[in-house]
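What follows is a single structure, written as structure tokens, with notes after it.
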Amino acid sequence: MASSNLYPTEELRRTDARHYLHPFTDFKALAAEGSRIMVRGEGVWIEDSDGKRYLDGMAGLWCTNIGHGRQEIADAVHEQMKELAFYNSFFKTTNAPAIRLAEKLSKLAPNNMSRVFFCGSGSEANDTILRMVRYYWSLRDKPSKDIVISRVNGYHGSTMAGASLGGMKPMHSQGGMPIPGIVHIPQPYWFGEGGDLSPDEFGLLAARELEKKIDELGENRVAAFIAEPIQGAGGVIIPPKTYWPEINRICAERDILLIADEVICGFGRTGKWFGSHYYDIKPDLMPIAKGLTSGYLPMGGVMISDRVAEVVVGIGEEFYHGYTYSGHPTCAAAALANLEIIEREGLVDRVANSCG
Ligand SMILES: Cc1ncc(COP(=O)(O)O)c(C=O)c1O
């Protein structure tokens, strides 16, 4: 990566401070210290406007799975933009890259997920999911099943539904969250909260918190359980190996939809295509984003199992839901090129082999 120092850093910082309201940023610290202005990326490296290089251990924001600066993605986006930069997917319309991408994802996903609903981000995916699970149960004549159980310290995005599904108290304290119909159970955090129990004992106990909550609320009130295979934003909380098999069992026995939030874990991060493969999770719905395009363009989606699709698509008439950028052709072209690179370079296996 050629280093350069041609950026007017101080002037950019002053303008940034005046006009750009940053996400997830302590405004006082920002005012005192000024911002880092990133200008360039190549492979695992990024560079700021002072010419300082950093090893990008955060991979963008847990998303740049193929590394920075890949020409192939730029070429795919360029070609698609010349052909058809954008058109909507509402009202019986679609586009070739979104179709190809949906087919490709259905081949990669676990547990008979042959359909995908596209959106712009992980938060939008989880907003979609909250609506879809309630729609699903109302189509099955069980509209009282409208509560989603989630976990303390889980992270599912920053919209009202996403932040409510998430279990971050500081987020809840701003803006009246969680919204009604979302309740939280403890996280499977053996390292911090396991006490004298073995990891296996603690994993079972943490999973059975779900069963306890279903009993408390009544099975006829519970629509779904949502969790990340490995909890990311709460501190990278890796569940004991007994946790997910027990969650699978409880959701199947109690007729509760299981949602595996793969926004971070998806696309190779665990050495499998999805965290659900790694833990043998049987999800009914799966939000995806981040590694779907490696962050080169914003895109998210909800993978939908045949069990759910048979109801939502099979019985339902119109799901009054969609985003202007659902199935965005240029983002889909970036995603296809990204998946092609992950496959061709064997990145999923390389992750598995480098992690042992
Ligand atoms: C597990 C998980 N779900 C959802 C989201 C929200 O995704 P986005 O920031 O694209 O809205 C994130 C973001 O970090 C996440 O880690």
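Each chain of the structure tokens is named A, B, ... in the order shown, its residues numbered from 1; ligands are numbered from 1 in display order.
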
Give me, as number ranges by chain, the set of residues whose atoms come within 9 Å of any atom of ligand 1, counting only C-alpha atoms and all ligand atoms. A: 61-63, 120-126, 154-159, 162-163, 166, 227-233, 260-265, 287-290, 298-300

Where in range 47-290 of chain A does DSSP assign strand (DSSP E), given as a VMD selection string? chain A and resid 47 to 48 53 to 55 115 to 119 147 to 151 182 to 185 222 to 227 257 to 260 285 to 288

Dump C-alpha atoms for the selected residues as a PDB file, in the first residue's frame?
```
ATOM      1  CA  GLU A  47      -4.131   3.908   6.594  1.00  0.00           C
ATOM      2  CA  ASP A  48      -5.193   7.224   8.075  1.00  0.00           C
ATOM      3  CA  ARG A  53      -0.819   2.326   9.000  1.00  0.00           C
ATOM      4  CA  TYR A  54      -2.932   0.036  11.179  1.00  0.00           C
ATOM      5  CA  LEU A  55      -3.448  -3.724  11.160  1.00  0.00           C
ATOM      6  CA  ARG A 115     -35.396 -18.349   0.330  1.00  0.00           C
ATOM      7  CA  VAL A 116     -33.946 -15.004   1.273  1.00  0.00           C
ATOM      8  CA  PHE A 117     -35.510 -11.598   1.889  1.00  0.00           C
ATOM      9  CA  PHE A 118     -33.036  -8.813   1.091  1.00  0.00           C
ATOM     10  CA  CYS A 119     -32.536  -5.579   2.993  1.00  0.00           C
ATOM     11  CA  ILE A 147     -43.231 -12.385  22.231  1.00  0.00           C
ATOM     12  CA  VAL A 148     -39.620 -12.817  21.173  1.00  0.00           C
ATOM     13  CA  ILE A 149     -37.116 -13.984  23.783  1.00  0.00           C
ATOM     14  CA  SER A 150     -33.602 -12.649  23.471  1.00  0.00           C
ATOM     15  CA  ARG A 151     -30.491 -12.450  25.675  1.00  0.00           C
ATOM     16  CA  ILE A 182     -39.440  -8.574  23.771  1.00  0.00           C
ATOM     17  CA  VAL A 183     -37.966 -10.136  26.917  1.00  0.00           C
ATOM     18  CA  HIS A 184     -34.425 -11.153  27.811  1.00  0.00           C
ATOM     19  CA  ILE A 185     -32.834 -14.166  29.487  1.00  0.00           C
ATOM     20  CA  VAL A 222     -43.866 -17.074  22.732  1.00  0.00           C
ATOM     21  CA  ALA A 223     -43.112 -16.620  19.039  1.00  0.00           C
ATOM     22  CA  ALA A 224     -39.368 -17.077  18.833  1.00  0.00           C
ATOM     23  CA  PHE A 225     -35.959 -17.089  20.455  1.00  0.00           C
ATOM     24  CA  ILE A 226     -33.121 -15.073  18.918  1.00  0.00           C
ATOM     25  CA  ALA A 227     -29.397 -15.353  19.643  1.00  0.00           C
ATOM     26  CA  LEU A 257     -39.120 -20.393  16.052  1.00  0.00           C
ATOM     27  CA  LEU A 258     -35.345 -20.329  16.382  1.00  0.00           C
ATOM     28  CA  ILE A 259     -33.493 -17.331  14.974  1.00  0.00           C
ATOM     29  CA  ALA A 260     -29.702 -17.551  14.653  1.00  0.00           C
ATOM     30  CA  LEU A 285     -34.722 -17.702  10.315  1.00  0.00           C
ATOM     31  CA  MET A 286     -31.252 -16.263   9.927  1.00  0.00           C
ATOM     32  CA  PRO A 287     -30.352 -12.572   9.637  1.00  0.00           C
ATOM     33  CA  ILE A 288     -27.234 -11.983   7.546  1.00  0.00           C
TER      34      ILE A 288
END
```

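Distance check against Thr9 in chain A using only C-alpha atoms: of A:Met38, A:Met160, A:Ile237, A:Leu210, the minimum falls on A:Met38.
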
Backbone-only DSSP, alpha helix (DSSP H) members of range 170-275 of chain A, as a count of residues only: 38

Ile247 in chain A environment, 9 Å, only C-alpha atoms, sequence neighbours closer than 6 positions dropped, as a ChimeraX atom specification: /A:204,207-208,210-211,258,281

Quick one: residues within 12 Å of Asp141 in chain A, only C-alpha atoms, excluding same-chain residues fewer than 3 positions away - as a list in words? Arg134, Tyr135, Tyr136, Trp137, Ser138, Ser144, Lys145, Asp146, Asn220, Val311, Ile315 and Gly316 of chain A

Counting only C-alpha atoms, the residue among A:Ala102, A:Ile66, A:Ala332, A:Leu30 that lies closest to Trp45 in chain A is A:Ile66

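Between CA of Thr293 in chain A and CA of His22 in chain A the interatomic distance comes to 22.6 Å.
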
Quick one: pull the distance between CA of Glu310 in chain A and CA of Ala109 in chain A, Å, one decimal.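 Taking CA of Glu310 in chain A and CA of Ala109 in chain A, their separation equals 17.2 Å.
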
Expressed in Å to a single decimal, how great is the separation between CA of Ile342 in chain A and CA of Lys282 in chain A? 23.7 Å
